[in-house]
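Peer 1: As input, take coords.cif (mmCIF, C-alpha atoms):
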data_final
loop_
_atom_site.label_atom_id
_atom_site.label_comp_id
_atom_site.auth_asym_id
_atom_site.auth_seq_id
_atom_site.Cartn_x
_atom_site.Cartn_y
_atom_site.Cartn_z
CA MET A 44 -8.84 31.73 -7.84
CA LYS A 45 -10.85 28.66 -8.87
CA LYS A 46 -7.90 27.30 -10.89
CA GLN A 47 -5.65 27.85 -7.90
CA TYR A 48 -7.92 25.80 -5.62
CA ILE A 49 -8.20 23.07 -8.28
CA ARG A 50 -4.41 22.97 -8.58
CA TYR A 51 -3.84 22.77 -4.82
CA GLY A 52 -6.63 20.22 -4.48
CA ALA A 53 -5.05 18.05 -7.17
CA ILE A 54 -1.67 18.31 -5.43
CA PHE A 55 -3.17 17.23 -2.11
CA CYS A 56 -4.98 14.32 -3.81
CA ILE A 57 -1.70 13.20 -5.37
CA VAL A 58 0.07 13.49 -2.01
CA VAL A 59 -2.64 11.34 -0.40
CA LEU A 60 -2.32 8.83 -3.25
CA LEU A 61 1.46 8.68 -2.83
CA ALA A 62 1.13 8.29 0.94
CA PHE A 63 -1.41 5.50 0.49
CA SER A 64 0.78 3.82 -2.15
CA ILE A 65 3.82 3.93 0.14
CA ALA A 66 1.77 2.55 3.04
CA PHE A 67 0.40 -0.19 0.73
CA ILE A 68 3.88 -1.12 -0.49
CA ILE A 69 5.41 -1.15 3.00
CA PHE A 70 2.54 -3.20 4.43
CA THR A 71 2.63 -5.68 1.52
CA LYS A 72 6.41 -6.01 1.64
CA ASN A 73 6.34 -6.74 5.37
CA LYS A 74 3.69 -9.38 4.83
CA ILE A 75 5.67 -10.93 1.94
CA ASP A 76 8.76 -10.98 4.17
CA ASP A 77 6.70 -12.76 6.84
CA TYR A 78 5.45 -15.20 4.21
CA ASN A 79 8.97 -16.01 3.04
CA LEU A 80 10.23 -16.18 6.63
CA TYR A 81 7.75 -18.94 7.45
CA PHE A 82 8.08 -20.54 4.02
CA LYS A 83 10.62 -23.03 5.37
CA LEU A 84 10.45 -26.78 4.96
CA PRO A 85 12.23 -27.63 8.24
CA LEU A 86 9.18 -26.31 10.08
CA ILE A 87 7.11 -29.20 8.80
CA THR A 88 9.83 -31.89 8.78
CA GLU A 89 11.50 -31.29 12.12
CA TYR A 90 9.51 -34.07 13.83
CA ILE A 91 10.59 -36.83 11.40
CA ASP A 92 13.02 -39.48 12.72
CA TYR A 93 15.22 -40.25 9.73
CA HIS A 94 16.81 -43.18 11.61
CA ALA A 95 13.48 -45.00 11.81
CA ASP A 96 13.26 -48.60 10.57
CA ASN A 97 11.33 -48.50 7.33
CA ASP A 98 10.03 -52.04 7.65
CA ASP A 99 7.20 -51.16 9.99
CA GLY A 100 6.18 -48.08 8.00
CA GLN A 101 7.01 -45.52 10.73
CA LEU A 102 8.93 -43.25 8.38
CA GLU A 103 6.07 -43.24 5.85
CA GLN A 104 3.55 -42.36 8.58
CA GLN A 105 5.75 -39.52 9.86
CA VAL A 106 6.18 -38.11 6.36
CA ILE A 107 2.44 -38.31 5.65
CA ARG A 108 1.75 -36.46 8.91
CA SER A 109 4.21 -33.78 7.77
CA TRP A 110 2.11 -33.40 4.60
CA ASP A 111 -0.99 -32.78 6.70
CA ARG A 112 0.88 -30.21 8.78
CA TYR A 113 2.01 -28.37 5.70
CA LEU A 114 -1.26 -28.45 3.80
CA THR A 115 -3.13 -26.98 6.82
CA TYR A 116 -0.47 -24.29 7.20
CA GLU A 117 -1.68 -20.73 6.62
CA TYR A 118 1.09 -19.91 4.16
CA ALA A 119 0.54 -23.13 2.14
CA ASP A 120 -2.42 -21.51 0.39
CA ARG A 121 -2.16 -21.57 -3.42
CA THR A 122 1.12 -23.51 -3.40
CA GLY A 123 2.52 -26.39 -5.42
CA PHE A 124 3.61 -29.34 -3.31
CA TYR A 125 5.48 -32.59 -3.96
CA SER A 126 7.07 -35.07 -1.56
CA SER A 127 8.38 -38.64 -1.85
CA ILE A 128 10.47 -41.38 -0.25
CA THR A 129 12.86 -42.97 -2.73
CA ASP A 130 15.08 -46.09 -2.51
CA VAL A 131 18.51 -44.84 -3.47
CA ASN A 132 19.83 -48.23 -4.61
CA SER A 133 16.92 -49.27 -6.83
CA GLY A 134 15.49 -45.85 -7.61
CA LYS A 135 12.05 -47.08 -6.60
CA VAL A 136 9.63 -44.47 -5.28
CA ILE A 137 8.24 -45.89 -2.03
CA LEU A 138 5.92 -42.99 -1.19
CA ASP A 139 4.68 -40.33 -3.60
CA SER A 140 2.40 -37.43 -2.58
CA PHE A 141 1.39 -36.68 -6.15
CA GLU A 142 0.15 -40.22 -6.85
CA GLN A 143 -1.87 -40.15 -3.63
CA GLY A 144 -3.46 -36.82 -4.51
CA ILE A 145 -1.81 -34.99 -1.61
CA HIS A 146 -0.92 -31.79 -3.42
CA ARG A 147 -2.13 -28.33 -4.23
CA GLY A 148 -1.38 -25.83 -6.92
CA ASP A 149 -1.58 -25.29 -10.63
CA ALA A 150 0.82 -26.02 -13.53
CA GLU A 151 3.74 -25.61 -11.10
CA ILE A 152 3.02 -29.10 -9.72
CA GLU A 153 4.37 -30.83 -12.84
CA LYS A 154 7.66 -28.95 -12.57
CA LEU A 155 7.81 -29.78 -8.88
CA ASN A 156 7.18 -33.43 -9.62
CA ASP A 157 10.15 -33.66 -11.99
CA LEU A 158 12.35 -31.53 -9.75
CA ALA A 159 11.65 -33.53 -6.59
CA ARG A 160 12.03 -36.92 -8.29
CA LYS A 161 15.35 -35.89 -9.79
CA ALA A 162 16.55 -34.39 -6.50
CA GLY A 163 15.51 -37.55 -4.62
CA ILE A 164 17.54 -39.83 -6.83
CA GLU A 165 20.58 -37.63 -7.34
CA GLY A 166 20.86 -36.38 -3.76
CA GLU A 167 23.93 -36.68 -1.58
CA LYS A 168 24.87 -40.19 -0.45
CA THR A 169 25.79 -39.20 3.09
CA TYR A 170 23.37 -38.90 5.98
CA LYS A 171 22.78 -35.22 6.86
CA PRO A 172 19.35 -34.35 8.28
CA PHE A 173 18.00 -31.10 6.81
CA SER A 174 20.94 -30.89 4.47
CA GLY A 175 20.44 -30.13 0.84
CA ILE A 176 17.77 -27.44 1.45
CA THR A 177 17.53 -24.77 -1.24
CA THR A 178 15.15 -21.85 -0.84
CA LYS A 179 14.60 -19.07 -3.37
CA GLU A 180 12.54 -16.18 -2.06
CA GLY A 181 10.74 -13.75 -4.34
CA ILE A 182 7.74 -11.46 -4.59
CA PHE A 183 5.67 -13.44 -7.07
CA THR A 184 7.14 -16.95 -6.58
CA SER A 185 9.15 -18.64 -3.83
CA THR A 186 10.45 -22.22 -3.95
CA SER A 187 12.03 -24.52 -1.41
CA VAL A 188 13.59 -27.95 -2.02
CA LEU A 189 14.74 -30.24 0.82
CA ILE A 190 16.52 -33.62 0.48
CA CYS A 191 17.00 -35.65 3.65
CA GLN A 192 18.61 -39.09 3.89
CA ALA A 193 17.23 -41.91 6.02
CA GLY A 194 17.89 -45.56 6.64
CA GLU A 195 21.66 -44.93 6.87
CA GLY A 196 21.60 -43.32 3.44
CA SER A 197 19.55 -45.99 1.65
CA LEU A 198 16.45 -43.77 1.48
CA HIS A 199 15.94 -40.21 0.35
CA VAL A 200 13.03 -38.16 1.71
CA SER A 201 12.36 -35.25 -0.67
CA TYR A 202 10.14 -32.21 -0.40
CA CYS A 203 9.59 -29.52 -2.97
CA ILE A 204 7.13 -26.64 -2.63
CA ALA A 205 6.35 -23.50 -4.61
CA GLY A 206 4.49 -20.56 -3.14
CA LYS A 207 3.05 -17.36 -4.54
CA PRO A 208 3.86 -14.74 -1.86
CA LEU A 209 2.07 -11.74 -3.38
CA SER A 210 -1.16 -13.52 -4.30
CA SER A 211 -1.19 -15.39 -0.97
CA VAL A 212 -0.64 -12.18 1.01
CA LEU A 213 -3.38 -10.42 -0.95
CA LYS A 214 -5.79 -13.27 -0.30
CA ILE A 215 -4.93 -13.71 3.38
CA ASN A 216 -5.22 -9.95 4.05
CA THR A 217 -8.17 -9.23 1.77
CA MET A 218 -10.24 -7.45 4.43
CA THR A 219 -7.26 -5.32 5.48
CA TYR A 220 -6.74 -4.19 1.89
CA ILE A 221 -10.45 -3.47 1.49
CA PHE A 222 -10.40 -1.26 4.60
CA MET A 223 -7.24 0.45 3.39
CA LEU A 224 -8.88 1.14 0.03
CA LEU A 225 -12.04 2.46 1.70
CA GLY A 226 -9.90 4.65 3.94
CA PHE A 227 -8.07 5.99 0.89
CA ILE A 228 -11.35 6.73 -0.95
CA ILE A 229 -12.83 8.44 2.13
CA LEU A 230 -9.64 10.47 2.60
CA GLU A 231 -9.64 11.58 -1.04
CA ILE A 232 -13.32 12.53 -0.77
CA LEU A 233 -12.59 14.52 2.39
CA VAL A 234 -9.74 16.34 0.63
CA VAL A 235 -11.97 17.21 -2.33
CA VAL A 236 -14.88 18.27 -0.10
CA SER A 237 -12.54 20.33 2.10
CA PHE A 238 -11.19 22.25 -0.87
CA VAL A 239 -14.69 22.78 -2.26
CA VAL A 240 -15.81 24.13 1.14
CA LEU A 241 -12.69 26.31 1.39
CA TYR A 242 -13.32 27.67 -2.08
CA LYS A 243 -16.99 28.41 -1.34
CA ASN A 244 -16.08 30.04 1.99
CA GLN A 245 -13.47 32.16 0.25
CA MET A 246 -15.99 33.19 -2.40
CA ASN A 247 -18.59 33.99 0.27
CA TYR A 248 -15.96 35.99 2.15
CA GLU A 249 -15.12 37.94 -0.99
CA ILE A 250 -18.81 38.53 -1.70
CA ARG A 251 -19.43 39.69 1.89
CA ASN A 252 -16.46 42.05 1.65
CA GLN A 253 -17.79 43.45 -1.63
CA LYS A 254 -21.25 43.90 -0.13
CA LEU A 255 -19.75 45.49 2.97
CA THR A 256 -17.69 47.90 0.88
CA ARG A 257 -20.66 48.80 -1.32
CA GLY A 258 -22.90 49.14 1.73
CA ILE A 259 -20.51 51.46 3.56
CA ALA A 260 -20.01 53.54 0.41
CA HIS A 261 -23.77 53.76 -0.16
CA GLU A 262 -24.54 54.67 3.44
CA LEU A 263 -21.83 57.32 3.63
CA LYS A 264 -22.43 58.81 0.20
CA THR A 265 -25.70 60.61 1.01
CA PRO A 266 -24.76 62.15 4.37
CA LEU A 267 -21.37 63.21 3.02
CA ALA A 268 -23.02 64.79 -0.04
CA VAL A 269 -25.51 66.63 2.16
CA THR A 270 -22.76 67.82 4.50
CA LYS A 271 -20.53 68.93 1.63
CA ALA A 272 -23.36 70.85 -0.10
CA THR A 273 -24.27 72.56 3.18
CA VAL A 274 -20.69 73.58 3.95
CA GLU A 275 -20.12 74.87 0.38
CA ASN A 276 -23.24 77.07 0.55
CA TRP A 277 -22.87 78.06 4.18
CA ASP A 278 -21.90 81.66 3.36
CA TYR A 279 -25.07 82.13 1.32
CA PHE A 280 -27.47 81.11 4.12
CA ASP A 281 -29.08 83.66 6.41
CA ASP A 282 -29.03 83.06 10.16
CA ASP A 283 -32.39 81.27 10.29
CA ARG A 284 -31.46 78.89 7.50
CA ARG A 285 -28.06 78.27 9.05
CA LYS A 286 -29.73 76.95 12.21
CA ASP A 287 -31.89 74.60 10.15
CA TYR A 288 -28.96 73.33 8.05
CA SER A 289 -26.68 72.96 11.06
CA LYS A 290 -29.24 70.61 12.61
CA ARG A 291 -29.39 68.71 9.33
CA VAL A 292 -25.59 68.37 9.24
CA ILE A 293 -25.55 67.22 12.87
CA ASN A 294 -28.20 64.59 12.06
CA GLU A 295 -26.18 63.30 9.12
CA VAL A 296 -22.99 63.17 11.20
CA ASP A 297 -24.90 61.38 13.98
CA HIS A 298 -26.15 58.87 11.42
CA MET A 299 -22.61 58.19 10.17
CA SER A 300 -21.28 57.96 13.71
CA ASP A 301 -24.05 55.56 14.70
CA MET A 302 -23.36 53.35 11.70
CA VAL A 303 -19.59 53.27 12.32
CA GLY A 304 -20.22 52.52 15.99
CA LYS A 305 -22.43 49.58 15.11
CA LEU A 306 -19.86 48.24 12.65
CA LEU A 307 -17.23 48.43 15.39
CA ASP A 308 -19.59 46.64 17.77
CA VAL A 309 -20.06 43.80 15.26
CA SER A 310 -16.30 43.54 14.74
CA LYS A 311 -15.51 43.52 18.47
CA ILE A 312 -18.12 40.91 19.29
CA LYS A 313 -17.10 38.61 16.41
CA GLU A 314 -13.39 38.76 17.20
CA GLY A 315 -14.08 38.20 20.91
CA SER A 316 -12.65 41.46 22.23
CA SER A 317 -16.12 42.46 23.45
CA LYS A 318 -17.44 39.61 25.55
CA PRO A 319 -20.76 39.45 27.41
CA VAL A 320 -20.65 40.49 31.05
CA ARG A 321 -23.35 38.19 32.36
CA LYS A 322 -25.72 39.10 35.16
CA GLU A 323 -29.25 38.23 36.21
CA VAL A 324 -31.61 39.96 33.77
CA ASP A 325 -35.39 40.01 34.11
CA MET A 326 -36.56 40.01 30.51
CA SER A 327 -40.04 41.22 31.41
CA LEU A 328 -38.72 44.36 33.14
CA LEU A 329 -36.21 45.05 30.36
CA THR A 330 -38.85 44.62 27.65
CA GLY A 331 -41.32 46.79 29.54
CA ASP A 332 -38.76 49.63 29.79
CA ILE A 333 -38.04 49.47 26.05
CA ILE A 334 -41.79 49.51 25.22
CA GLU A 335 -42.20 52.53 27.49
CA ARG A 336 -39.46 54.40 25.61
CA SER A 337 -41.16 53.56 22.30
CA LYS A 338 -44.61 54.87 23.20
CA GLU A 339 -44.16 58.18 21.36
CA LEU A 340 -43.33 56.43 18.07
CA LEU A 341 -46.19 53.97 18.59
CA ARG A 342 -48.60 56.87 19.13
CA GLU A 343 -47.37 58.76 16.05
CA ARG A 344 -47.87 55.70 13.83
CA ASN A 345 -51.16 54.61 15.44
CA ILE A 346 -49.69 51.20 16.27
CA ILE A 347 -51.34 48.96 18.84
CA MET A 348 -48.76 47.02 20.86
CA THR A 349 -49.61 44.03 23.08
CA PHE A 350 -47.19 42.60 25.62
CA ASN A 351 -48.12 39.08 26.74
CA HIS A 352 -46.45 37.83 29.92
CA ASP A 353 -47.34 36.93 33.47
CA GLU A 354 -46.22 38.61 36.69
CA LYS A 355 -43.48 36.11 37.48
CA PRO A 356 -39.92 37.12 36.56
CA TYR A 357 -38.42 35.86 33.30
CA THR A 358 -34.81 35.76 34.47
CA VAL A 359 -31.87 34.84 32.23
CA TYR A 360 -28.13 35.04 32.81
CA ALA A 361 -26.89 37.48 30.16
CA ASP A 362 -25.25 40.83 29.50
CA PRO A 363 -28.01 43.40 30.28
CA ASP A 364 -26.60 46.08 27.93
CA MET A 365 -26.36 43.62 25.05
CA MET A 366 -29.88 42.31 25.70
CA ASN A 367 -31.07 45.92 25.65
CA ILE A 368 -29.49 46.34 22.19
CA VAL A 369 -31.12 43.12 20.94
CA ILE A 370 -34.65 43.91 22.10
CA SER A 371 -34.37 47.58 21.08
CA ASN A 372 -33.36 46.56 17.55
CA PHE A 373 -36.19 44.06 17.31
CA MET A 374 -38.60 46.72 18.60
CA SER A 375 -37.43 49.44 16.17
CA ASN A 376 -37.61 47.02 13.23
CA ALA A 377 -41.12 45.95 14.21
CA ILE A 378 -42.27 49.57 14.46
CA LYS A 379 -40.56 50.50 11.19
CA TYR A 380 -42.22 47.77 9.11
CA CYS A 381 -45.49 47.42 11.02
CA ASP A 382 -48.90 48.33 9.58
CA HIS A 383 -51.19 48.34 12.65
CA THR A 384 -50.30 45.86 15.42
CA ILE A 385 -47.28 44.45 17.23
CA MET A 386 -47.35 41.46 19.56
CA VAL A 387 -44.55 40.94 22.11
CA ARG A 388 -44.47 37.69 24.07
CA LEU A 389 -42.36 36.12 26.80
CA ILE A 390 -42.77 32.35 27.15
CA ARG A 391 -41.30 29.78 29.53
CA ASN A 392 -40.45 26.78 27.40
CA GLY A 393 -39.09 24.12 29.73
CA ARG A 394 -35.85 25.49 31.12
CA ARG A 395 -35.62 28.26 28.52
CA ILE A 396 -37.02 31.77 28.26
CA GLU A 397 -38.27 32.69 24.81
CA PHE A 398 -38.75 36.26 23.56
CA SER A 399 -40.74 36.89 20.38
CA ILE A 400 -42.02 39.98 18.60
CA THR A 401 -44.47 39.85 15.69
CA ASN A 402 -45.60 42.70 13.43
CA ASP A 403 -48.33 42.65 10.78
CA GLY A 404 -46.21 44.29 8.08
CA ALA A 405 -45.42 43.03 4.60
CA LYS A 406 -44.32 39.42 4.27
CA ILE A 407 -40.62 38.70 3.82
CA GLU A 408 -40.10 36.17 1.04
CA LYS A 409 -38.63 32.81 2.00
CA GLU A 410 -35.41 33.29 0.03
CA GLU A 411 -34.86 36.61 1.82
CA LEU A 412 -35.21 35.33 5.39
CA ASP A 413 -31.58 34.29 5.82
CA LYS A 414 -30.38 37.63 4.44
CA VAL A 415 -32.07 39.77 7.10
CA TRP A 416 -29.09 39.16 9.41
CA ASP A 417 -26.57 40.43 6.82
CA ILE A 418 -24.92 43.81 7.18
CA PHE A 419 -26.66 46.58 5.20
CA TYR A 420 -29.61 44.37 4.24
CA THR A 421 -32.96 46.19 4.36
CA THR A 422 -36.27 44.89 3.08
CA ASP A 423 -37.95 48.25 2.50
CA LYS A 424 -35.63 51.19 1.90
CA ALA A 425 -38.48 53.62 1.44
CA ARG A 426 -39.72 53.38 5.02
CA THR A 427 -37.07 55.31 6.89
CA ASP A 428 -38.47 58.73 7.94
CA ARG A 429 -37.48 59.34 11.59
CA MET A 430 -35.98 55.89 12.11
CA SER A 431 -32.42 55.11 11.09
CA SER A 432 -32.17 52.41 8.46
CA SER A 433 -28.47 51.64 8.09
CA GLY A 434 -29.14 47.92 7.86
CA VAL A 435 -26.48 47.22 10.50
CA GLY A 436 -28.81 46.63 13.46
CA LEU A 437 -29.74 42.99 12.91
CA SER A 438 -26.11 42.11 12.19
CA VAL A 439 -25.26 43.46 15.65
CA VAL A 440 -28.15 41.45 17.10
CA LYS A 441 -26.88 38.27 15.41
CA SER A 442 -23.37 38.79 16.79
CA ILE A 443 -24.73 39.34 20.31
CA LEU A 444 -26.99 36.29 20.20
CA ASP A 445 -24.15 34.16 18.82
CA ALA A 446 -21.92 35.37 21.66
CA HIS A 447 -24.63 34.26 24.14
CA LYS A 448 -25.08 30.93 22.26
CA ALA A 449 -28.79 31.70 21.98
CA ASP A 450 -31.28 30.05 19.63
CA TYR A 451 -32.82 32.62 17.30
CA GLY A 452 -34.65 32.94 14.03
CA CYS A 453 -37.08 34.77 11.81
CA THR A 454 -40.32 33.57 10.22
CA SER A 455 -42.66 35.45 7.94
CA GLY A 456 -46.06 34.69 6.46
CA ASP A 457 -49.51 36.07 5.83
CA ASN A 458 -50.02 36.57 9.58
CA GLY A 459 -46.94 38.77 9.92
CA THR A 460 -43.22 38.59 10.56
CA GLU A 461 -41.83 37.17 13.79
CA PHE A 462 -38.36 37.54 15.28
CA LYS A 463 -37.54 35.45 18.31
CA PHE A 464 -34.70 34.15 20.47
CA SER A 465 -34.39 32.00 23.55
CA LEU A 466 -31.88 31.68 26.39
CA PRO A 467 -31.59 29.25 29.30
CA ALA A 468 -33.60 30.36 32.32
CA TYR A 469 -31.47 31.54 35.23
CA GLU A 470 -31.43 28.98 38.03
CA PRO A 471 -29.61 30.09 41.19
CA ALA A 472 -27.16 27.52 42.51
#
Written as structure tokens, that's how I'd like the structure from this file.
Peer 2:
Amino acid sequence: MKKQYIRYGAIFCIVVLLAFSIAFIIFTKNKIDDYNLYFKLPLITEYIDYHADNDDGQLEQQVIRSWDRYLTYEYADRTGFYSSITDVNSGKVILDSFEQGIHRGDAEIEKLNDLARKAGIEGEKTYKPFSGITTKEGIFTSTSVLICQAGEGSLHVSYCIAGKPLSSVLKINTMTYIFMLLGFIILEILVVVSFVVLYKNQMNYEIRNQKLTRGIAHELKTPLAVTKATVENWDYFDDDRRKDYSKRVINEVDHMSDMVGKLLDVSKIKEGSSKPVRKEVDMSLLTGDIIERSKELLRERNIIMTFNHDEKPYTVYADPDMMNIVISNFMSNAIKYCDHTIMVRLIRNGRRIEFSITNDGAKIEKEELDKVWDIFYTTDKARTDRMSSSGVGLSVVKSILDAHKADYGCTSGDNGTEFKFSLPAYEPA
């Protein structure tokens, strides 16, 4: 089973990785497409008047302003840049961005320098604004060369740029990629944790089923053996002994019936088919009735029971029959494991009513406290005598308290063992 969960977990992790990779590729490609879409020289040269008289330097000023526009452009980051104005007749370079230090980039700038100079001198001899533009778009490198003629064809204005789409996109969207990576890591962790939790829950479920099966088998084995032995020897008993053994068989059958009934109660409550029918319940009256019914057992065991409460009602909104089961189970457990004294208390704690019962019996070890609510768990199997000890009672109590969304718990120490629960106090509308 463990290998199966590891295999499925690995498959889910790979699926998440593939999904993240596809999302990363699609996002990056869209950003690269945007980069190449705006990687166009006309955007920065469209305001230049190529008919301008070069004598007063207007053309040079317009071209220099275009450099500033480009070099402050978001997509100009990490690009090579070269621009010049060249006299076609003499070949003289009138304006050169590289010589004036107006450039960015790495080794690409030298190639751009040669390319732009050559393009400026060997460009077309006819006047065509924005003609001669060549753009090559790629993932790692994009280039764009533009040759424009001015001064009735006597001047060439050249631009040549090289961009790095992938590296620029990665740099511009660094925070987005960081958040995507964090999201991927968190998602992978959640997948791993989810499968670990599923595996542990499955193992706990299997263990609970094994315990339940062993518990049912153990609890049914003795009464069935007693019943079988009695039936097999029935013909050999005289009338007096038959009466005695018939009572014994009836007791064993009652024990089995009680245990099966409690198991059914747990199942019904947990699956929601048996829901609380809530009414006003005075916890002090209910507890008093249960103590009254327990007086005979208390007298037989010489147990002193104290019930601390005041005369005001302790009213909650709960199922009275289920509350009767809860308090009766707590009471029978306290009597069963008590040495001398039992203390029952009802407390108003803010807007909640708290019930607690403490007995001075043997201490329950800390590692055992959470197990007391498990089916068929008993702390002292020797102390059964007249009181049934199927170990199902507290599991029924837990199911009922969970159905009422009550707070409950168990503590144990040198001063005794305490079971308690609390419910919201009933407040009439």
Peer 1: Compute the distance from (-31.5, 30.5, 41.1) to each atom, counting only C-alpha atoms, keep the residues with any atom at most 10 Å away, and return them as a ChimeraX atom specification; use the coordinates of the file.
Peer 2: /A:323,358-359,468-472
Peer 1: Residues within 10 Å of Phe238 of chain A, please, as a list of chain:residue names. Count only C-alpha atoms; anything in the same chain fewer than 3 positions from it doesn't count.
Peer 2: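 In the requested form, the answer reads A:Tyr48, A:Ile49, A:Tyr51, A:Gly52, A:Ala53, A:Phe55, A:Ile232, A:Leu233, A:Val234, A:Val235, A:Leu241, A:Tyr242, A:Lys243, A:Asn244.
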Peer 1: Figure out the distance between atom CA of Pro363 of chain A and atom CA of Ile443 of chain A, please, to one decimal in Å.
Peer 2: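 One can read the atom CA of Ile443 of chain A to atom CA of Pro363 of chain A distance as 11.3 Å.
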Peer 1: For atom CA of Met365 of chain A and atom CA of Thr460 of chain A, quote the distance in Å rounded to one decimal.
Peer 2: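 Atom-to-atom, atom CA of Met365 of chain A and atom CA of Thr460 of chain A are spaced 22.8 Å apart.
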Peer 1: Rounded to one decimal in Å, what is the spacing between atom CA of Met366 of chain A and atom CA of Val415 of chain A?
Peer 2: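 Atom-to-atom, atom CA of Met366 of chain A and atom CA of Val415 of chain A are spaced 18.9 Å apart.
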Peer 1: Please identify all polymer residues within 10 Å of segment 72-78 of chain A, counting all atoms listed in the file, omitting same-chain residues fewer than 3 positions from it, and present them as a VMD selection string.
Peer 2: chain A and resid 66 to 69 81 to 83 117 to 119 180 to 183 185 206 to 213 215 to 216
Peer 1: Evaluate the PyMOL selection byres ((chain A and resi 320) around 9) and record the selected residues as a VMD selection string, following the chain and residue labels used in the document.
Peer 2: chain A and resid 318 to 319 321 to 322 361 to 365
Peer 1: List the neighbours of Phe373 of chain A out to 8 Å using all atoms listed in the file; skip same-chain residues closer than 2 positions along the sequence, and give me the result as a compact mmCIF listing (two decimals) with C-alpha atoms, keeping the file's coordinate frame.
Peer 2:
# COMPACT_ATOMS: atom_id res chain seq x y z
CA VAL A 369 -31.12 43.12 20.94
CA ILE A 370 -34.65 43.91 22.10
CA SER A 371 -34.37 47.58 21.08
CA SER A 375 -37.43 49.44 16.17
CA ASN A 376 -37.61 47.02 13.23
CA ALA A 377 -41.12 45.95 14.21
CA ILE A 400 -42.02 39.98 18.60
CA LEU A 437 -29.74 42.99 12.91
CA PHE A 462 -38.36 37.54 15.28
